[in-house]
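Participant: File query-v1.pdb below, PDB, C-alpha atoms and all ligand atoms:
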```pdb
ATOM      1  CA  MET A   1      13.868   1.515 -15.011
ATOM      2  CA  SER A   2      15.152   0.984 -18.523
ATOM      3  CA  ASP A   3      14.783   3.517 -21.360
ATOM      4  CA  ASN A   4      11.373   5.080 -21.172
ATOM      5  CA  SER A   5       9.565   2.029 -19.956
ATOM      6  CA  LEU A   6       8.234   1.367 -16.505
ATOM      7  CA  ARG A   7       7.453  -2.116 -15.243
ATOM      8  CA  VAL A   8       4.562  -2.225 -12.810
ATOM      9  CA  VAL A   9       4.022  -5.541 -11.052
ATOM     10  CA  TRP A  10       0.688  -6.331  -9.461
ATOM     11  CA  VAL A  11       1.402  -9.030  -6.899
ATOM     12  CA  TYR A  12      -1.100 -11.881  -6.503
ATOM     13  CA  PRO A  13      -4.377 -10.375  -7.765
ATOM     14  CA  ASP A  14      -5.940 -13.823  -7.200
ATOM     15  CA  LEU A  15      -5.333 -13.573  -3.423
ATOM     16  CA  LEU A  16      -4.862  -9.922  -2.536
ATOM     17  CA  SER A  17      -7.272  -7.417  -4.008
ATOM     18  CA  THR A  18     -10.153  -6.195  -1.864
ATOM     19  CA  TYR A  19     -12.180  -2.981  -1.707
ATOM     20  CA  GLY A  20     -11.034  -1.731  -5.091
ATOM     21  CA  ASP A  21      -7.281  -2.178  -4.539
ATOM     22  CA  GLN A  22      -6.988  -3.166  -8.215
ATOM     23  CA  GLY A  23      -7.591   0.504  -8.934
ATOM     24  CA  ASN A  24      -4.104   1.272  -7.589
ATOM     25  CA  VAL A  25      -2.572  -0.495 -10.565
ATOM     26  CA  LEU A  26      -4.798   1.383 -13.002
ATOM     27  CA  VAL A  27      -3.902   4.744 -11.455
ATOM     28  CA  VAL A  28      -0.133   4.118 -11.531
ATOM     29  CA  GLU A  29      -0.383   2.912 -15.128
ATOM     30  CA  ARG A  30      -2.441   5.881 -16.250
ATOM     31  CA  ARG A  31      -0.367   8.525 -14.512
ATOM     32  CA  ALA A  32       2.815   7.045 -15.930
ATOM     33  CA  ARG A  33       1.363   7.009 -19.467
ATOM     34  CA  GLN A  34       0.227  10.617 -19.054
ATOM     35  CA  ARG A  35       3.917  11.435 -18.465
ATOM     36  CA  GLY A  36       4.904   9.763 -21.736
ATOM     37  CA  LEU A  37       6.227   6.543 -20.235
ATOM     38  CA  ASP A  38       5.722   3.124 -21.779
ATOM     39  CA  VAL A  39       4.170   0.963 -19.110
ATOM     40  CA  ALA A  40       4.494  -2.781 -18.973
ATOM     41  CA  ARG A  41       1.982  -4.107 -16.464
ATOM     42  CA  LEU A  42       2.617  -7.578 -15.100
ATOM     43  CA  ASP A  43      -0.174  -9.261 -13.163
ATOM     44  CA  VAL A  44       1.533 -12.070 -11.267
ATOM     45  CA  ARG A  45      -0.752 -14.753  -9.871
ATOM     46  CA  SER A  46       0.266 -16.660  -6.768
ATOM     47  CA  ASP A  47       1.254 -19.744  -8.796
ATOM     48  CA  GLN A  48       3.741 -17.700 -10.819
ATOM     49  CA  PRO A  49       7.216 -16.457  -9.887
ATOM     50  CA  ILE A  50       7.586 -12.805  -8.955
ATOM     51  CA  PRO A  51       9.798 -11.054 -11.514
ATOM     52  CA  THR A  52      12.814  -9.266 -10.052
ATOM     53  CA  SER A  53      13.019  -6.637 -12.784
ATOM     54  CA  GLY A  54       9.953  -4.593 -11.800
ATOM     55  CA  ASP A  55      10.168  -0.901 -10.982
ATOM     56  CA  ILE A  56       7.019  -0.664  -8.845
ATOM     57  CA  TYR A  57       5.321  -3.543  -7.022
ATOM     58  CA  LEU A  58       1.730  -3.097  -5.851
ATOM     59  CA  ILE A  59       0.114  -5.390  -3.285
ATOM     60  CA  GLY A  60      -3.503  -5.237  -2.143
ATOM     61  CA  GLY A  61      -5.480  -6.301   0.902
ATOM     62  CA  GLY A  62      -7.197  -9.610   1.516
ATOM     63  CA  GLU A  63      -9.099 -11.800   3.893
ATOM     64  CA  ASP A  64      -7.185 -13.742   6.542
ATOM     65  CA  ARG A  65      -6.815 -17.081   4.700
ATOM     66  CA  PRO A  66      -5.661 -15.679   1.342
ATOM     67  CA  GLN A  67      -3.317 -13.442   3.340
ATOM     68  CA  ARG A  68      -1.642 -16.494   4.906
ATOM     69  CA  LEU A  69      -1.358 -18.245   1.524
ATOM     70  CA  ALA A  70       0.138 -15.109  -0.027
ATOM     71  CA  ALA A  71       2.689 -14.765   2.791
ATOM     72  CA  GLU A  72       3.733 -18.424   2.448
ATOM     73  CA  ARG A  73       4.218 -18.077  -1.299
ATOM     74  CA  LEU A  74       6.040 -14.771  -1.133
ATOM     75  CA  ARG A  75       8.435 -16.178   1.468
ATOM     76  CA  ARG A  76       9.055 -19.279  -0.637
ATOM     77  CA  ASP A  77       9.461 -17.275  -3.842
ATOM     78  CA  ALA A  78      11.887 -14.739  -2.269
ATOM     79  CA  HIS A  79      12.097 -12.668  -5.468
ATOM     80  CA  LEU A  80      10.470  -9.646  -3.856
ATOM     81  CA  TYR A  81      13.495  -9.369  -1.559
ATOM     82  CA  ARG A  82      15.762  -9.358  -4.579
ATOM     83  CA  ALA A  83      13.653  -6.724  -6.321
ATOM     84  CA  VAL A  84      13.881  -4.467  -3.251
ATOM     85  CA  GLU A  85      17.642  -5.033  -3.106
ATOM     86  CA  ASN A  86      17.701  -3.910  -6.753
ATOM     87  CA  GLY A  87      15.978  -0.656  -5.722
ATOM     88  CA  ALA A  88      12.367  -1.458  -6.602
ATOM     89  CA  ILE A  89       9.504   0.500  -5.015
ATOM     90  CA  VAL A  90       6.839  -1.457  -3.116
ATOM     91  CA  PHE A  91       3.436  -0.115  -2.132
ATOM     92  CA  ALA A  92       1.136  -2.401  -0.144
ATOM     93  CA  VAL A  93      -2.328  -2.096   1.358
ATOM     94  CA  CYS A  94      -3.706  -3.666   4.545
ATOM     95  CA  ALA A  95      -3.073  -7.454   4.333
ATOM     96  CA  GLY A  96      -0.240  -6.668   1.915
ATOM     97  CA  TYR A  97       1.154  -4.141   4.408
ATOM     98  CA  GLN A  98       0.989  -6.686   7.230
ATOM     99  CA  ILE A  99       2.812  -9.273   5.066
ATOM    100  CA  LEU A 100       5.673  -6.834   4.459
ATOM    101  CA  GLY A 101       6.329  -6.678   8.210
ATOM    102  CA  HIS A 102       8.128  -9.171  10.445
ATOM    103  CA  GLU A 103       4.990 -11.083  11.410
ATOM    104  CA  PHE A 104       1.218 -11.023  11.713
ATOM    105  CA  VAL A 105      -1.455 -13.299  13.217
ATOM    106  CA  ASN A 106      -2.941 -15.619  10.616
ATOM    107  CA  ASP A 107      -6.438 -17.093  10.171
ATOM    108  CA  LEU A 108      -5.453 -20.043  12.403
ATOM    109  CA  GLY A 109      -4.585 -17.661  15.246
ATOM    110  CA  GLN A 110      -0.861 -18.375  14.819
ATOM    111  CA  ARG A 111       2.035 -15.969  14.402
ATOM    112  CA  GLU A 112       2.886 -16.027  10.707
ATOM    113  CA  PRO A 113       6.277 -14.717   9.532
ATOM    114  CA  GLY A 114       6.142 -11.865   7.049
ATOM    115  CA  LEU A 115       8.881 -10.689   4.701
ATOM    116  CA  GLY A 116      10.569  -8.256   7.079
ATOM    117  CA  LEU A 117      10.780  -5.587   4.398
ATOM    118  CA  LEU A 118       9.190  -3.134   6.828
ATOM    119  CA  ASP A 119      10.126  -2.900  10.500
ATOM    120  CA  VAL A 120       6.586  -3.556  11.782
ATOM    121  CA  VAL A 121       4.823  -6.343  13.665
ATOM    122  CA  THR A 122       1.078  -6.954  13.490
ATOM    123  CA  THR A 123      -0.893  -8.465  16.356
ATOM    124  CA  ARG A 124      -4.607  -9.269  16.451
ATOM    125  CA  GLY A 125      -6.730  -6.501  17.963
ATOM    126  CA  GLU A 126      -8.867  -7.565  20.906
ATOM    127  CA  GLY A 127     -11.557  -4.956  20.285
ATOM    128  CA  GLU A 128     -13.868  -4.282  17.364
ATOM    129  CA  ARG A 129     -12.506  -4.314  13.824
ATOM    130  CA  CYS A 130     -11.171  -0.976  12.639
ATOM    131  CA  VAL A 131     -13.724  -0.076   9.967
ATOM    132  CA  GLY A 132     -14.597   3.220   8.360
ATOM    133  CA  ASP A 133     -13.382   6.338   6.639
ATOM    134  CA  VAL A 134      -9.972   7.728   7.514
ATOM    135  CA  LEU A 135      -8.438  11.164   7.176
ATOM    136  CA  ALA A 136      -4.772  11.503   8.038
ATOM    137  CA  ASP A 137      -1.849  13.896   7.686
ATOM    138  CA  ILE A 138       0.953  12.277   5.730
ATOM    139  CA  ASP A 139       4.503  12.551   7.137
ATOM    140  CA  PRO A 140       5.474  16.134   6.191
ATOM    141  CA  ARG A 141       8.837  14.879   4.903
ATOM    142  CA  LEU A 142       6.924  13.378   1.975
ATOM    143  CA  GLY A 143       5.261  16.691   1.051
ATOM    144  CA  LEU A 144       1.855  15.217   0.220
ATOM    145  CA  PRO A 145      -1.684  16.460   0.874
ATOM    146  CA  GLN A 146      -4.037  14.939   3.442
ATOM    147  CA  LEU A 147      -4.600  11.209   3.059
ATOM    148  CA  THR A 148      -8.123   9.897   2.617
ATOM    149  CA  GLY A 149      -9.113   6.249   2.607
ATOM    150  CA  PHE A 150     -11.244   3.464   3.969
ATOM    151  CA  GLU A 151     -10.023   0.913   6.501
ATOM    152  CA  ASN A 152     -11.284  -2.543   7.449
ATOM    153  CA  HIS A 153      -8.909  -4.629   9.545
ATOM    154  CA  GLN A 154      -8.548  -6.577  12.776
ATOM    155  CA  GLY A 155      -4.775  -6.434  12.860
ATOM    156  CA  ILE A 156      -2.955  -3.826  14.959
ATOM    157  CA  THR A 157       0.415  -2.799  13.569
ATOM    158  CA  HIS A 158       3.322  -1.746  15.799
ATOM    159  CA  LEU A 159       6.223   0.209  14.297
ATOM    160  CA  GLY A 160       9.819  -0.703  15.045
ATOM    161  CA  PRO A 161      12.642   1.852  15.217
ATOM    162  CA  THR A 162      13.512   1.823  11.509
ATOM    163  CA  ALA A 163       9.945   2.242  10.220
ATOM    164  CA  ARG A 164       8.538   5.741   9.871
ATOM    165  CA  ALA A 165       4.801   6.340  10.289
ATOM    166  CA  PHE A 166       3.313   7.087   6.882
ATOM    167  CA  ALA A 167       0.657   9.376   8.381
ATOM    168  CA  GLN A 168      -1.084  10.558  11.576
ATOM    169  CA  VAL A 169      -4.829  10.029  11.678
ATOM    170  CA  ARG A 170      -7.320  12.814  12.286
ATOM    171  CA  LEU A 171     -10.257  10.485  11.815
ATOM    172  CA  GLY A 172     -10.182   6.685  12.008
ATOM    173  CA  LYS A 173      -7.802   4.176  13.562
ATOM    174  CA  GLY A 174      -4.899   3.638  11.140
ATOM    175  CA  ASN A 175      -2.396   1.240  12.709
ATOM    176  CA  GLY A 176      -4.797   0.792  15.629
ATOM    177  CA  THR A 177      -2.123   1.192  18.316
ATOM    178  CA  GLY A 178      -3.787   4.271  19.807
ATOM    179  CA  ASP A 179      -0.817   6.519  18.969
ATOM    180  CA  GLY A 180      -2.523   7.896  15.861
ATOM    181  CA  THR A 181      -0.039   6.460  13.399
ATOM    182  CA  GLU A 182      -1.221   5.102  10.046
ATOM    183  CA  GLY A 183       0.896   2.916   7.791
ATOM    184  CA  ALA A 184       4.675   2.762   7.682
ATOM    185  CA  TYR A 185       7.483   3.308   5.230
ATOM    186  CA  ASN A 186      11.208   3.253   4.754
ATOM    187  CA  ASP A 187      13.167   4.480   1.751
ATOM    188  CA  THR A 188      11.421   2.418  -0.934
ATOM    189  CA  VAL A 189       8.807   0.276   0.805
ATOM    190  CA  PHE A 190       5.396   1.658   1.802
ATOM    191  CA  GLY A 191       2.494   0.134   3.691
ATOM    192  CA  THR A 192      -0.910   1.606   4.469
ATOM    193  CA  TYR A 193      -4.279   0.446   5.785
ATOM    194  CA  MET A 194      -6.064   2.616   3.229
ATOM    195  CA  HIS A 195      -8.329   0.975   0.665
ATOM    196  CA  GLY A 196     -10.481   3.038  -1.550
ATOM    197  CA  PRO A 197      -8.566   2.504  -3.874
ATOM    198  CA  VAL A 198      -6.069   4.699  -2.091
ATOM    199  CA  LEU A 199      -4.198   5.886  -5.190
ATOM    200  CA  ALA A 200      -7.426   7.039  -6.878
ATOM    201  CA  ARG A 201      -8.280   9.057  -3.791
ATOM    202  CA  ASN A 202      -4.698  10.283  -3.358
ATOM    203  CA  PRO A 203      -3.061  10.409  -6.802
ATOM    204  CA  GLN A 204      -0.089  12.348  -5.405
ATOM    205  CA  ILE A 205       0.978   9.120  -3.713
ATOM    206  CA  ALA A 206       1.030   7.420  -7.118
ATOM    207  CA  ASP A 207       3.203  10.300  -8.332
ATOM    208  CA  LEU A 208       5.533   9.835  -5.357
ATOM    209  CA  LEU A 209       5.998   6.184  -6.355
ATOM    210  CA  LEU A 210       6.684   7.236  -9.949
ATOM    211  CA  LYS A 211       9.212   9.882  -8.864
ATOM    212  CA  LEU A 212      11.035   7.366  -6.692
ATOM    213  CA  ALA A 213      11.053   4.792  -9.497
ATOM    214  CA  LEU A 214      12.272   7.347 -12.061
ATOM    215  CA  ASP A 215      14.629   8.996  -9.561
ATOM    216  CA  VAL A 216      13.339  12.478 -10.381
ATOM    217  CA  ASN A 217      12.135  15.302  -8.128
ATOM    218  CA  ALA A 218       9.193  16.417 -10.245
ATOM    219  CA  LEU A 219       6.815  15.151 -12.915
ATOM    220  CA  PRO A 220       4.925  17.065 -15.604
ATOM    221  CA  PRO A 221       1.552  18.236 -14.231
ATOM    222  CA  THR A 222      -1.670  16.400 -15.044
ATOM    223  CA  ASP A 223      -5.309  17.452 -15.093
ATOM    224  CA  ASP A 224      -6.440  16.357 -11.628
ATOM    225  CA  ARG A 225      -9.928  17.867 -11.527
ATOM    226  CA  TRP A 226     -11.604  14.449 -11.475
ATOM    227  CA  PHE A 227      -9.349  13.251  -8.657
ATOM    228  CA  GLU A 228      -9.937  16.453  -6.696
ATOM    229  CA  ALA A 229     -13.710  16.044  -7.027
ATOM    230  CA  LEU A 230     -13.431  12.469  -5.692
ATOM    231  CA  ARG A 231     -11.168  13.551  -2.816
ATOM    232  CA  ASN A 232     -13.484  16.369  -1.798
ATOM    233  CA  GLU A 233     -16.518  14.104  -1.964
ATOM    234  CA  ARG A 234     -14.826  11.547   0.318
ATOM    235  CA  ILE A 235     -13.547  14.188   2.766
ATOM    236  CA  GLU A 236     -17.057  15.674   2.955
ATOM    237  CA  ALA A 237     -18.620  12.239   3.492
ATOM    238  CA  ALA A 238     -16.062  11.352   6.170
ATOM    239  CA  THR A 239     -16.505  14.540   8.153
ATOM    240  CA  GLN A 240     -20.297  14.795   7.988
ATOM    241  CA  PRO A 241     -22.010  14.107  11.323
ATOM    242  CA  ALA A 242     -23.757  10.688  11.300
TER     243      ALA A 242
HETATM  244  N1  LIG B   1      -6.855  -9.798   7.380
HETATM  245  C1  LIG B   1      -6.271  -8.563   7.781
HETATM  246  C2  LIG B   1      -6.917  -7.925   9.010
HETATM  247  O1  LIG B   1      -8.087  -8.079   9.229
HETATM  248  C3  LIG B   1      -6.258  -7.621   6.598
HETATM  249  C4  LIG B   1      -7.642  -7.195   6.134
HETATM  250  C5  LIG B   1      -7.646  -6.438   4.840
HETATM  251  O2  LIG B   1      -6.737  -6.536   4.028
HETATM  252  N2  LIG B   1      -8.686  -5.671   4.607
HETATM  253  O3  LIG B   1      -6.217  -7.255   9.747
END
```
Rewrite the structure from the file as structure tokens, please.
Facilitator:
Amino acid sequence: MSDNSLRVVWVYPDLLSTYGDQGNVLVVERRARQRGLDVARLDVRSDQPIPTSGDIYLIGGGEDRPQRLAAERLRRDAHLYRAVENGAIVFAVCAGYQILGHEFVNDLGQREPGLGLLDVVTTRGEGERCVGDVLADIDPRLGLPQLTGFENHQGITHLGPTARAFAQVRLGKGNGTGDGTEGAYNDTVFGTYMHGPVLARNPQIADLLLKLALDVNALPPTDDRWFEALRNERIEAATQPA
């Protein structure tokens, strides 16, 4: 973070951006601008190097083949490691989340190494895909309201000892391990299964990323009526009997 400008890096939009995940970039940008920050948004395609000077890195979900290609390129590039060493914040969804872990199962049915930035391992679920609306209570240490989102994944993600569960599901599968956990995080790296886009449904998470990037405890308030209306609509839809 230099001066008043925030660098937001959207990692591999050509490979990883499903179910509206692009909206996460728009929400971070907008909420930063509303707080008077200059935002430089960098969309980095998979044939380009990842910059190491970003403040916040956003990664979306993707189908199995693009996920493997993205993992190969991110491993080869290695700049995301450096950015995290420099204190950058990373927020990743679904396939992006799985890539941040130690390994996942790729489209060829093989164990594919991830980046190891989160202490999680993803295996392939034997049952039906985890698909549908999710409501979950976010780790109380993060002080955020209930998480809402939409999941669609085959992978099952197991947390290692240094990863904290991002949330506990009330509705839906989350990590799919049967223990009710959803997503994982450590100090600066976050992963979730929530599409939606998740930051439009849960703008307080975008604010958490901004606070971490700016190293502040609070941000000026914003008018969140539109976000609240969207949240309530999704919570109502998720909890209505079929
Ligand atoms: N391919 C992964 C899975 O099915 C991720 C899917 C996604 O990003 N929606 O587990």
Participant: With only C-alpha atoms as the atoms that count, which of A:Val9, A:Ile138, A:Ala167, A:Ala92 lies nearest to Pro197 in chain A?
Facilitator: A:Ala92
Participant: Give the residues close to ligand LIG 1 (chain B), within 8 Å, counting all atoms listed in the file; write them as a list in words.
Facilitator: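 Here is the list of contacting residues: Leu16, Thr18, Tyr19, Gly60, Gly61, Gly62, Glu63, Asp64, Arg65, Gln67, Val93, Cys94, Ala95, Gly96, Gln98, Asn106, Asp107, Arg124, Arg129, Glu151, Asn152, His153, Gln154, Gly155, Ile156, Tyr193 and His195 of chain A.
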Participant: Any chance you could work out the residue set of the PyMOL selection byres (((chain A and resi 149) around 10) and not hetatm) here, as number ranges by chain?
Facilitator: A: 132-136, 147-148, 150-151, 172, 174, 192-202, 231, 234-235, 238
Participant: Can you translate the PyMOL selection byres (((chain A and resi 29) around 12) and not hetatm) into the concrete residues it hits in this file, as a VMD selection string?
Facilitator: chain A and resid 5 to 10 22 to 28 30 to 42 55 to 58 199 to 200 203 206 to 207 209 to 210
Participant: For the structure provided, state which residues fall under the PyMOL selection byres (((chain A and resi 117) around 12) and not hetatm), and present them as a PyMOL selection string.
Facilitator: chain A and resi 74-75+78+80-85+88-92+96-103+113-116+118-121+160+162-163+184-191
Participant: Just checking: using all atoms listed in the file, which residue out of A:Leu171, A:Gly127, A:Arg111, A:Ser46 ends up closest to Gln240 in chain A?
Facilitator: A:Leu171
Participant: How many Å lie between CA of Thr122 in chain A and CA of Thr157 in chain A, rounded to one decimal?
Facilitator: 4.2 Å
Participant: Grab the CA of Ala70 in chain A to CA of Val11 in chain A distance for me, in Å with one decimal place.
Facilitator: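 Between these atoms lies a distance of 9.3 Å.
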Participant: Can you work out the spacing between CA of Asp223 in chain A and CA of Asp43 in chain A in Å, to one decimal?
Facilitator: 27.3 Å
Participant: Let me make sure I understand: among A:Gly125, A:Lys211, A:Ala71, A:Ser53, which one has the smallest atom-to-atom distance to Tyr12 in chain A if we use only C-alpha atoms?
Facilitator: A:Ala71
Participant: Between A:Asn4, A:Val216, A:Val131, A:Ala229, which has the minimum distance to Lys173 in chain A (counting only C-alpha atoms)?
Facilitator: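 Among the listed residues, the smallest separation from Lys173 in chain A belongs to A:Val131.
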Participant: Can you tell me which residues surround range 142-145 of chain A at a distance of at most 9 Å, considering only C-alpha atoms, apart from same-chain residues fewer than 6 positions away, and format the answer as a PDB file with C-alpha atoms, in the coordinates of the input?
Facilitator:
```
ATOM      1  CA  PHE A 166       3.313   7.087   6.882  1.00  0.00           C
ATOM      2  CA  ASN A 202      -4.698  10.283  -3.358  1.00  0.00           C
ATOM      3  CA  GLN A 204      -0.089  12.348  -5.405  1.00  0.00           C
ATOM      4  CA  ILE A 205       0.978   9.120  -3.713  1.00  0.00           C
ATOM      5  CA  LEU A 208       5.533   9.835  -5.357  1.00  0.00           C
TER       6      LEU A 208
END
```
Participant: So, with all atoms listed in the file as the atoms that count, which of A:Thr239, A:His79, A:Leu69, A:Gly183 lies closest to Pro51 in chain A?
Facilitator: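 Comparing A:Thr239, A:His79, A:Leu69, A:Gly183 against Pro51 in chain A, the winner is A:His79.
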